[in-house]
Amino acid sequence: MISVDPAQPAAELVAVKGGRILLVGGNESLESLRGAGTRVIDCRGKTVVPGFNDAHCHIFSLLRKLLSIDLSPSSVSSISDIKAAIRRKADNTPAGRWITGTDYNEFYLAEQRHPNRWDIDEVAPRHPVVLVHRSLHACVLNSLALSLAGISGETEEPPGGQIERDLVSGEPNGLLFGMLGYISEKVLPPLSEAELDSGIALANRHYLSQGITSLQDATVTNDLSRWQKLRRFKDDNKLKSRLSMMPGIEALSQFQEAGLVSGSGDNQMRLGGVKIIPVETAGEVYPYQAELNRQVFEAHRAGFQVAIHAVQSATVEAAISALEYARNQLLQAGRRQRIEHCSECPPHLLERLKKLQPVIAIQPPFLYYGGERYLDTVPADRLRWLYRIKSFLDSGLVVAGSSDSPVVPDSPLMGIYAAVTRQAESGQFLLPEEAISPAQALAMYTINAAYASFEENIKGSITQGKLADLVLLSDDPTETPPERIKDIRVEMTIIGGEIVWEA
Ligand SMILES: [Zn+2]
């Protein structure tokens, strides 16, 4: 057992009662605990760890993805395969209903190109179809979907987006860049109740199979209706993992009017920090610094934790300045400010983080799934500041592990592997000097993630009195050769003392 509790790092036995951890100790305590109705699970040399906590993910996007056709390289290897998969789906879907496919990657397709509208029209002329690129930066629509989206030869390029056109006719060929947000929010109809139900069942099973007993939804469009929908899923026991939902800044007043602030809820479902996403366009960050400062200050003053999304250094800098501003104005710490991603952090910003001590919610799986792309596309003078997990830890920051799923797969074991090895799927290494130990990586996905949502007193370690959220692993990640950590299997997931998933 790895308890992630420094007071008692290893033990042989954990006893559970009433959903909580009753006792952590040696096997000699077994007989004294055994009573009528006691169930003993012999872990046979396997490893028990605290349930994993994904500190930054997106439930509804995952749910949509799980309802979509999987077009990842493990499922298709050519555009003909993609067409066959769409045809099968169209045969079983009433005409006119949207069909979505996710995770295609033209790099791995035999034809070495993106599919286009005409490819899809051949197999699904009467269904609107959208296929989403693995990067989420591109998507492909068939002709019916293009017309429903109001995109034609006359449509001008939208700001930040690009409509690819046939060189001869000038007609859109279906491939759109930077427009997925618009398509998913303004064009795709919301999921029906039936779709939501089957989607949440898939998502629930998925999380439990990964050992994710707690998750933190960081979607910027989270509003009160989303909160209520998730509440229903929880009340109906359709989503077993515990949940923290970060409200979007736009919806802040809705939550205030409903009397909810960060921390409201219970240990099944809790309101997290306000999510703010500044964006960088043409070298400038919006909202402007003064406005960002005001937003953070107001949110804190109203009793909310704040979580600022910041990927590139200009945005990280703006986020730090806004958090510093609020901290100085309030003359108190204790709001446990968060920076989401903090992917690029040059030395002068690290210095400021050291003083500010926000929680960093980082995504190690990006090292594995995106490593090759970073090495190909990020200039060398910026590459060396990417995902500086060891530097953050050495600076005393709490770093919470997460996935940003469904942007990349959310297996915490893959995240631990990536943080320990810094090795990309392609085999290349990305800043190996920023590698951390397996124990540190495990802490990121358990106690540190719990700290990020103010819940370290009730979860994140195997400690007497905490919630009995546990995962049984096929092997011990701290003893396994690092290159094999990603092959460790989740064998059993326990939430509140109840076995909710078994391999
Ligand atoms: Zn995200």
# chains A, B, ... in the order shown; residues from 1 in each chain; ligands from 1
>>> residues_around(residues="stretch 223-232 of chain A", least_positions_apart="4", cutoff="6 Å", atoms="only C-alpha atoms", output="PyMOL selection string")
chain A and resi 236+247+251
>>> write_last_selection(atoms="N, CA and C atoms", output="CSV table (one decimal), in the first residue's frame")
chain,number,residue,atom,x,y,z
A,236,ASP,N,-29.0,10.8,-8.9
A,236,ASP,CA,-29.5,9.5,-9.5
A,236,ASP,C,-28.4,8.5,-9.5
A,247,PRO,N,-17.2,27.1,-11.7
A,247,PRO,CA,-18.1,28.0,-12.5
A,247,PRO,C,-17.3,28.9,-13.4
A,251,ALA,N,-20.8,33.3,-15.4
A,251,ALA,CA,-22.0,32.8,-14.7
A,251,ALA,C,-21.9,33.1,-13.2
>>> residues_around(residues="A:Lys17", least_positions_apart="3", cutoff="10 Å", atoms="only C-alpha atoms", output="list in words")
Arg20, Ile21, Leu22, Leu23, Thr38, Gly465, Leu467, Ala468, Gly496 and Gly497 of chain A
>>> write_last_selection(atoms="N, CA and C atoms", output="PDB file, in the first residue's frame")
ATOM      1  N   ARG A  20     -15.844   5.586   5.259  1.00  0.00           N
ATOM      2  CA  ARG A  20     -14.582   6.251   5.619  1.00  0.00           C
ATOM      3  C   ARG A  20     -13.531   5.230   6.037  1.00  0.00           C
ATOM      4  N   ILE A  21     -12.306   5.722   6.123  1.00  0.00           N
ATOM      5  CA  ILE A  21     -11.206   4.849   6.532  1.00  0.00           C
ATOM      6  C   ILE A  21     -11.183   4.767   8.045  1.00  0.00           C
ATOM      7  N   LEU A  22     -11.363   3.540   8.533  1.00  0.00           N
ATOM      8  CA  LEU A  22     -11.475   3.307   9.978  1.00  0.00           C
ATOM      9  C   LEU A  22     -10.096   3.168  10.590  1.00  0.00           C
ATOM     10  N   LEU A  23      -9.223   2.489   9.856  1.00  0.00           N
ATOM     11  CA  LEU A  23      -7.915   2.188  10.438  1.00  0.00           C
ATOM     12  C   LEU A  23      -6.926   1.835   9.331  1.00  0.00           C
ATOM     13  N   THR A  38     -18.197  -8.373   8.078  1.00  0.00           N
ATOM     14  CA  THR A  38     -16.940  -7.804   7.591  1.00  0.00           C
ATOM     15  C   THR A  38     -16.560  -8.493   6.292  1.00  0.00           C
ATOM     16  N   GLY A 465     -10.019   8.276   8.978  1.00  0.00           N
ATOM     17  CA  GLY A 465     -11.020   9.340   8.996  1.00  0.00           C
ATOM     18  C   GLY A 465     -11.329   9.927   7.631  1.00  0.00           C
ATOM     19  N   LEU A 467     -12.256   9.864   3.489  1.00  0.00           N
ATOM     20  CA  LEU A 467     -13.173   9.096   2.664  1.00  0.00           C
ATOM     21  C   LEU A 467     -12.456   7.850   2.126  1.00  0.00           C
ATOM     22  N   ALA A 468     -13.173   6.741   2.100  1.00  0.00           N
ATOM     23  CA  ALA A 468     -12.550   5.480   1.656  1.00  0.00           C
ATOM     24  C   ALA A 468     -12.604   5.369   0.137  1.00  0.00           C
ATOM     25  N   GLY A 496     -15.981   5.603  -1.386  1.00  0.00           N
ATOM     26  CA  GLY A 496     -16.742   5.572  -0.136  1.00  0.00           C
ATOM     27  C   GLY A 496     -16.913   4.141   0.380  1.00  0.00           C
ATOM     28  N   GLY A 497     -15.879   3.318   0.214  1.00  0.00           N
ATOM     29  CA  GLY A 497     -15.917   1.950   0.715  1.00  0.00           C
ATOM     30  C   GLY A 497     -16.657   0.973  -0.178  1.00  0.00           C
TER      31      GLY A 497
END
>>> residues_around(residues="stretch 413-429 of chain A", least_positions_apart="3", cutoff="7 Å", atoms="only C-alpha atoms", output="ChimeraX atom specification")
/A:364-365,367-369,371-372,432,435-438,441-442,482,485-486
>>> closest_residue(among="A:Val399, A:Met444, A:Ile277, A:Ala11", to="ligand 1", atoms="only C-alpha atoms and all ligand atoms")
A:Ile277
>>> residues_near_ligand(ligand="ligand 1", cutoff="8 Å", atoms="only C-alpha atoms and all ligand atoms", output="list of chain:residue names")
A:His56, A:Cys57, A:His58, A:Ala218, A:Thr219, A:His309, A:Glu340, A:Asp404, A:Ser405, A:Val407
>>> write_last_selection(atoms="N, CA and C atoms", output="PDB file, in the first residue's frame")
ATOM      1  N   HIS A  56      -8.299  18.735 -13.555  1.00  0.00           N
ATOM      2  CA  HIS A  56      -8.763  19.630 -14.632  1.00  0.00           C
ATOM      3  C   HIS A  56      -9.227  18.772 -15.808  1.00  0.00           C
ATOM      4  N   CYS A  57     -10.538  18.699 -15.969  1.00  0.00           N
ATOM      5  CA  CYS A  57     -11.054  17.950 -17.118  1.00  0.00           C
ATOM      6  C   CYS A  57     -12.414  18.534 -17.498  1.00  0.00           C
ATOM      7  N   HIS A  58     -13.023  17.959 -18.517  1.00  0.00           N
ATOM      8  CA  HIS A  58     -14.267  18.507 -19.073  1.00  0.00           C
ATOM      9  C   HIS A  58     -15.261  17.364 -19.306  1.00  0.00           C
ATOM     10  N   ALA A 218     -13.374  21.892 -15.361  1.00  0.00           N
ATOM     11  CA  ALA A 218     -12.843  23.253 -15.519  1.00  0.00           C
ATOM     12  C   ALA A 218     -13.419  23.967 -16.736  1.00  0.00           C
ATOM     13  N   THR A 219     -14.659  23.658 -17.094  1.00  0.00           N
ATOM     14  CA  THR A 219     -15.217  24.210 -18.316  1.00  0.00           C
ATOM     15  C   THR A 219     -15.682  25.650 -18.111  1.00  0.00           C
ATOM     16  N   HIS A 309      -6.855  30.222 -16.592  1.00  0.00           N
ATOM     17  CA  HIS A 309      -6.275  29.408 -17.669  1.00  0.00           C
ATOM     18  C   HIS A 309      -5.138  30.221 -18.303  1.00  0.00           C
ATOM     19  N   GLU A 340      -4.254  27.306 -14.270  1.00  0.00           N
ATOM     20  CA  GLU A 340      -4.505  26.094 -15.035  1.00  0.00           C
ATOM     21  C   GLU A 340      -3.519  26.039 -16.198  1.00  0.00           C
ATOM     22  N   ASP A 404      -6.903  17.543 -18.718  1.00  0.00           N
ATOM     23  CA  ASP A 404      -7.638  18.341 -19.701  1.00  0.00           C
ATOM     24  C   ASP A 404      -8.463  17.434 -20.617  1.00  0.00           C
ATOM     25  N   SER A 405      -8.741  16.229 -20.182  1.00  0.00           N
ATOM     26  CA  SER A 405      -9.555  15.298 -20.972  1.00  0.00           C
ATOM     27  C   SER A 405     -10.860  15.973 -21.377  1.00  0.00           C
ATOM     28  N   VAL A 407      -9.227  16.431 -24.247  1.00  0.00           N
ATOM     29  CA  VAL A 407      -8.200  16.911 -25.171  1.00  0.00           C
ATOM     30  C   VAL A 407      -7.129  15.820 -25.360  1.00  0.00           C
TER      31      VAL A 407
END
>>> select_by_dssp(residues="stretch 313-388 of chain A", states="strand (DSSP E)", output="ChimeraX atom specification")
/A:338-341,359-362
>>> write_last_selection(atoms="C-alpha atoms", output="mmCIF file, in the first residue's frame")
data_model
loop_
_atom_site.group_PDB
_atom_site.id
_atom_site.type_symbol
_atom_site.label_atom_id
_atom_site.label_comp_id
_atom_site.auth_asym_id
_atom_site.auth_seq_id
_atom_site.Cartn_x
_atom_site.Cartn_y
_atom_site.Cartn_z
ATOM 1 C CA ARG A 338 -4.955 28.398 -9.189
ATOM 2 C CA ILE A 339 -3.239 28.663 -12.547
ATOM 3 C CA GLU A 340 -4.505 26.094 -15.035
ATOM 4 C CA HIS A 341 -1.830 24.664 -17.390
ATOM 5 C CA VAL A 359 -1.612 25.949 -7.124
ATOM 6 C CA ILE A 360 -0.559 24.839 -10.598
ATOM 7 C CA ALA A 361 -2.950 22.427 -12.326
ATOM 8 C CA ILE A 362 -0.734 20.799 -14.904
#
>>> residues_around(residues="stretch 157-160 of chain A", least_positions_apart="3", cutoff="8 Å", atoms="only C-alpha atoms", output="tab-separated table (two decimals) with N, CA and C atoms, in the first residue's frame")
chain	number	residue	atom	x	y	z
A	163	ILE	N	-11.26	28.99	-43.26
A	163	ILE	CA	-12.09	28.07	-44.04
A	163	ILE	C	-11.26	27.63	-45.24
A	178	GLY	N	-9.58	26.34	-36.35
A	178	GLY	CA	-9.89	27.29	-35.28
A	178	GLY	C	-11.37	27.62	-35.16
A	179	MET	N	-12.24	26.76	-35.63
A	179	MET	CA	-13.67	27.08	-35.63
A	179	MET	C	-14.50	26.04	-34.86
>>> residues_around(residues="A:Gln312", least_positions_apart="2", cutoff="8 Å", atoms="only C-alpha atoms", output="PyMOL selection string")
chain A and resi 310+314-316+342-345
>>> closest_residue(among="A:Ala95, A:Ile2, A:Leu175, A:Leu66", to="A:Ala443", atoms="only C-alpha atoms")
A:Ile2
>>> select_by_dssp(residues="stretch 6-235 of chain A", states="alpha helix (DSSP H)", output="PyMOL selection string")
chain A and resi 30-33+59-66+79-91+117-123+143-148+180-182+193-209+224-235
>>> write_last_selection(atoms="C-alpha atoms", output="PDB file, in the first residue's frame")
ATOM      1  CA  LEU A  30      -7.115  -8.117  11.015  1.00  0.00           C
ATOM      2  CA  GLU A  31      -8.559 -10.525  13.572  1.00  0.00           C
ATOM      3  CA  SER A  32      -9.608  -7.794  15.986  1.00  0.00           C
ATOM      4  CA  LEU A  33     -11.492  -6.030  13.191  1.00  0.00           C
ATOM      5  CA  ILE A  59     -17.106  16.066 -18.420  1.00  0.00           C
ATOM      6  CA  PHE A  60     -19.605  17.109 -21.065  1.00  0.00           C
ATOM      7  CA  SER A  61     -16.967  17.189 -23.794  1.00  0.00           C
ATOM      8  CA  LEU A  62     -15.878  13.715 -22.761  1.00  0.00           C
ATOM      9  CA  LEU A  63     -19.452  12.560 -22.851  1.00  0.00           C
ATOM     10  CA  ARG A  64     -19.865  13.908 -26.398  1.00  0.00           C
ATOM     11  CA  LYS A  65     -16.656  12.232 -27.375  1.00  0.00           C
ATOM     12  CA  LEU A  66     -17.733   8.898 -25.967  1.00  0.00           C
ATOM     13  CA  ILE A  79      -9.832   7.640 -45.169  1.00  0.00           C
ATOM     14  CA  SER A  80     -11.563   4.512 -46.540  1.00  0.00           C
ATOM     15  CA  ASP A  81     -11.743   3.202 -42.952  1.00  0.00           C
ATOM     16  CA  ILE A  82     -13.225   6.525 -41.833  1.00  0.00           C
ATOM     17  CA  LYS A  83     -15.822   6.344 -44.607  1.00  0.00           C
ATOM     18  CA  ALA A  84     -16.763   2.788 -43.669  1.00  0.00           C
ATOM     19  CA  ALA A  85     -17.199   3.794 -40.016  1.00  0.00           C
ATOM     20  CA  ILE A  86     -19.398   6.771 -40.952  1.00  0.00           C
ATOM     21  CA  ARG A  87     -21.471   4.603 -43.295  1.00  0.00           C
ATOM     22  CA  ARG A  88     -22.129   2.084 -40.507  1.00  0.00           C
ATOM     23  CA  LYS A  89     -23.203   4.858 -38.141  1.00  0.00           C
ATOM     24  CA  ALA A  90     -25.406   6.518 -40.794  1.00  0.00           C
ATOM     25  CA  ASP A  91     -27.157   3.200 -41.452  1.00  0.00           C
ATOM     26  CA  ARG A 117     -16.668  17.155 -47.408  1.00  0.00           C
ATOM     27  CA  TRP A 118     -16.883  15.061 -50.563  1.00  0.00           C
ATOM     28  CA  ASP A 119     -15.406  11.987 -48.867  1.00  0.00           C
ATOM     29  CA  ILE A 120     -18.117  12.198 -46.225  1.00  0.00           C
ATOM     30  CA  ASP A 121     -20.932  13.092 -48.641  1.00  0.00           C
ATOM     31  CA  GLU A 122     -20.331   9.779 -50.439  1.00  0.00           C
ATOM     32  CA  VAL A 123     -21.294   7.778 -47.354  1.00  0.00           C
ATOM     33  CA  SER A 143     -21.997  19.456 -47.304  1.00  0.00           C
ATOM     34  CA  LEU A 144     -25.165  19.218 -45.225  1.00  0.00           C
ATOM     35  CA  ALA A 145     -23.311  20.288 -42.068  1.00  0.00           C
ATOM     36  CA  LEU A 146     -21.663  23.198 -43.919  1.00  0.00           C
ATOM     37  CA  SER A 147     -25.020  24.457 -45.101  1.00  0.00           C
ATOM     38  CA  LEU A 148     -26.536  24.122 -41.589  1.00  0.00           C
ATOM     39  CA  LEU A 180     -14.565  24.068 -33.490  1.00  0.00           C
ATOM     40  CA  GLY A 181     -15.750  26.265 -30.612  1.00  0.00           C
ATOM     41  CA  TYR A 182     -18.182  28.019 -32.928  1.00  0.00           C
ATOM     42  CA  GLU A 193     -31.999  13.627 -22.713  1.00  0.00           C
ATOM     43  CA  ALA A 194     -31.522  10.125 -24.106  1.00  0.00           C
ATOM     44  CA  GLU A 195     -28.079  10.994 -25.444  1.00  0.00           C
ATOM     45  CA  LEU A 196     -27.117  12.606 -22.138  1.00  0.00           C
ATOM     46  CA  ASP A 197     -28.187   9.481 -20.300  1.00  0.00           C
ATOM     47  CA  SER A 198     -26.223   7.072 -22.432  1.00  0.00           C
ATOM     48  CA  GLY A 199     -23.280   9.487 -22.493  1.00  0.00           C
ATOM     49  CA  ILE A 200     -23.066   9.846 -18.719  1.00  0.00           C
ATOM     50  CA  ALA A 201     -23.251   6.074 -18.318  1.00  0.00           C
ATOM     51  CA  LEU A 202     -20.242   5.741 -20.640  1.00  0.00           C
ATOM     52  CA  ALA A 203     -18.370   8.572 -18.910  1.00  0.00           C
ATOM     53  CA  ASN A 204     -19.048   7.137 -15.456  1.00  0.00           C
ATOM     54  CA  ARG A 205     -17.743   3.724 -16.447  1.00  0.00           C
ATOM     55  CA  HIS A 206     -14.768   5.314 -18.125  1.00  0.00           C
ATOM     56  CA  TYR A 207     -13.706   7.344 -15.063  1.00  0.00           C
ATOM     57  CA  LEU A 208     -14.056   4.365 -12.735  1.00  0.00           C
ATOM     58  CA  SER A 209     -12.045   2.127 -15.078  1.00  0.00           C
ATOM     59  CA  LEU A 224     -26.020  27.180 -12.873  1.00  0.00           C
ATOM     60  CA  SER A 225     -27.952  24.927 -15.255  1.00  0.00           C
ATOM     61  CA  ARG A 226     -24.831  22.804 -15.749  1.00  0.00           C
ATOM     62  CA  TRP A 227     -24.468  22.583 -11.976  1.00  0.00           C
ATOM     63  CA  GLN A 228     -28.073  21.425 -11.664  1.00  0.00           C
ATOM     64  CA  LYS A 229     -27.660  18.865 -14.435  1.00  0.00           C
ATOM     65  CA  LEU A 230     -24.578  17.428 -12.727  1.00  0.00           C
ATOM     66  CA  ARG A 231     -26.443  17.485  -9.418  1.00  0.00           C
ATOM     67  CA  ARG A 232     -29.112  15.293 -11.013  1.00  0.00           C
ATOM     68  CA  PHE A 233     -26.479  12.867 -12.293  1.00  0.00           C
ATOM     69  CA  LYS A 234     -25.076  12.662  -8.769  1.00  0.00           C
ATOM     70  CA  ASP A 235     -28.477  12.298  -7.082  1.00  0.00           C
TER      71      ASP A 235
END
>>> atom_distance(atom1="atom CA of A:Val14", atom2="atom CA of A:Thr47")
11.9 Å
>>> atom_distance(atom1="atom CA of A:Val311", atom2="atom CA of A:Glu291")
19.1 Å
>>> closest_residue(among="A:Pro189, A:Pro477, A:Pro9, A:Pro412", to="A:Thr446", atoms="only C-alpha atoms")
A:Pro412
>>> residues_around(residues="A:Tyr286", least_positions_apart="3", cutoff="12 Å", atoms="only C-alpha atoms", output="ChimeraX atom specification")
/A:276-283,289-293,310,314-315,318-319
>>> write_last_selection(atoms="N, CA and C atoms", output="PDB file, in the first residue's frame")
ATOM      1  N   ILE A 276     -11.412  31.517 -15.375  1.00  0.00           N
ATOM      2  CA  ILE A 276     -11.248  32.705 -16.221  1.00  0.00           C
ATOM      3  C   ILE A 276     -10.267  32.334 -17.326  1.00  0.00           C
ATOM      4  N   ILE A 277     -10.610  32.636 -18.562  1.00  0.00           N
ATOM      5  CA  ILE A 277      -9.708  32.332 -19.677  1.00  0.00           C
ATOM      6  C   ILE A 277      -9.304  33.598 -20.409  1.00  0.00           C
ATOM      7  N   PRO A 278      -8.153  34.185 -20.077  1.00  0.00           N
ATOM      8  CA  PRO A 278      -7.661  35.283 -20.908  1.00  0.00           C
ATOM      9  C   PRO A 278      -7.132  34.688 -22.221  1.00  0.00           C
ATOM     10  N   VAL A 279      -7.301  35.415 -23.320  1.00  0.00           N
ATOM     11  CA  VAL A 279      -6.781  34.897 -24.590  1.00  0.00           C
ATOM     12  C   VAL A 279      -5.762  35.864 -25.172  1.00  0.00           C
ATOM     13  N   GLU A 280      -4.776  35.279 -25.846  1.00  0.00           N
ATOM     14  CA  GLU A 280      -3.740  36.091 -26.457  1.00  0.00           C
ATOM     15  C   GLU A 280      -4.009  36.143 -27.957  1.00  0.00           C
ATOM     16  N   THR A 281      -4.193  37.362 -28.486  1.00  0.00           N
ATOM     17  CA  THR A 281      -4.368  37.531 -29.922  1.00  0.00           C
ATOM     18  C   THR A 281      -3.394  38.595 -30.396  1.00  0.00           C
ATOM     19  N   ALA A 282      -2.635  38.257 -31.409  1.00  0.00           N
ATOM     20  CA  ALA A 282      -1.667  39.191 -31.992  1.00  0.00           C
ATOM     21  C   ALA A 282      -0.836  39.888 -30.915  1.00  0.00           C
ATOM     22  N   GLY A 283      -0.308  39.101 -29.982  1.00  0.00           N
ATOM     23  CA  GLY A 283       0.611  39.643 -28.988  1.00  0.00           C
ATOM     24  C   GLY A 283      -0.046  40.365 -27.825  1.00  0.00           C
ATOM     25  N   GLN A 289      -5.130  43.936 -18.735  1.00  0.00           N
ATOM     26  CA  GLN A 289      -4.688  43.658 -17.363  1.00  0.00           C
ATOM     27  C   GLN A 289      -5.615  44.262 -16.303  1.00  0.00           C
ATOM     28  N   ALA A 290      -6.011  45.518 -16.492  1.00  0.00           N
ATOM     29  CA  ALA A 290      -6.830  46.166 -15.452  1.00  0.00           C
ATOM     30  C   ALA A 290      -8.152  45.425 -15.264  1.00  0.00           C
ATOM     31  N   GLU A 291      -8.725  44.992 -16.379  1.00  0.00           N
ATOM     32  CA  GLU A 291     -10.004  44.285 -16.307  1.00  0.00           C
ATOM     33  C   GLU A 291      -9.812  42.899 -15.678  1.00  0.00           C
ATOM     34  N   LEU A 292      -8.734  42.224 -16.065  1.00  0.00           N
ATOM     35  CA  LEU A 292      -8.448  40.902 -15.490  1.00  0.00           C
ATOM     36  C   LEU A 292      -8.236  41.025 -13.972  1.00  0.00           C
ATOM     37  N   ASN A 293      -7.487  42.054 -13.573  1.00  0.00           N
ATOM     38  CA  ASN A 293      -7.271  42.305 -12.142  1.00  0.00           C
ATOM     39  C   ASN A 293      -8.608  42.468 -11.419  1.00  0.00           C
ATOM     40  N   ALA A 310      -3.930  29.647 -18.337  1.00  0.00           N
ATOM     41  CA  ALA A 310      -2.805  30.362 -18.936  1.00  0.00           C
ATOM     42  C   ALA A 310      -1.826  29.338 -19.488  1.00  0.00           C
ATOM     43  N   ALA A 314       2.987  34.912 -22.150  1.00  0.00           N
ATOM     44  CA  ALA A 314       2.341  36.228 -22.028  1.00  0.00           C
ATOM     45  C   ALA A 314       1.089  36.119 -21.155  1.00  0.00           C
ATOM     46  N   THR A 315       0.336  35.038 -21.330  1.00  0.00           N
ATOM     47  CA  THR A 315      -0.876  34.846 -20.537  1.00  0.00           C
ATOM     48  C   THR A 315      -0.525  34.455 -19.108  1.00  0.00           C
ATOM     49  N   ALA A 318       0.223  37.596 -17.373  1.00  0.00           N
ATOM     50  CA  ALA A 318      -0.995  38.355 -17.056  1.00  0.00           C
ATOM     51  C   ALA A 318      -1.724  37.720 -15.883  1.00  0.00           C
ATOM     52  N   ALA A 319      -1.760  36.392 -15.857  1.00  0.00           N
ATOM     53  CA  ALA A 319      -2.434  35.680 -14.764  1.00  0.00           C
ATOM     54  C   ALA A 319      -1.732  35.972 -13.441  1.00  0.00           C
TER      55      ALA A 319
END
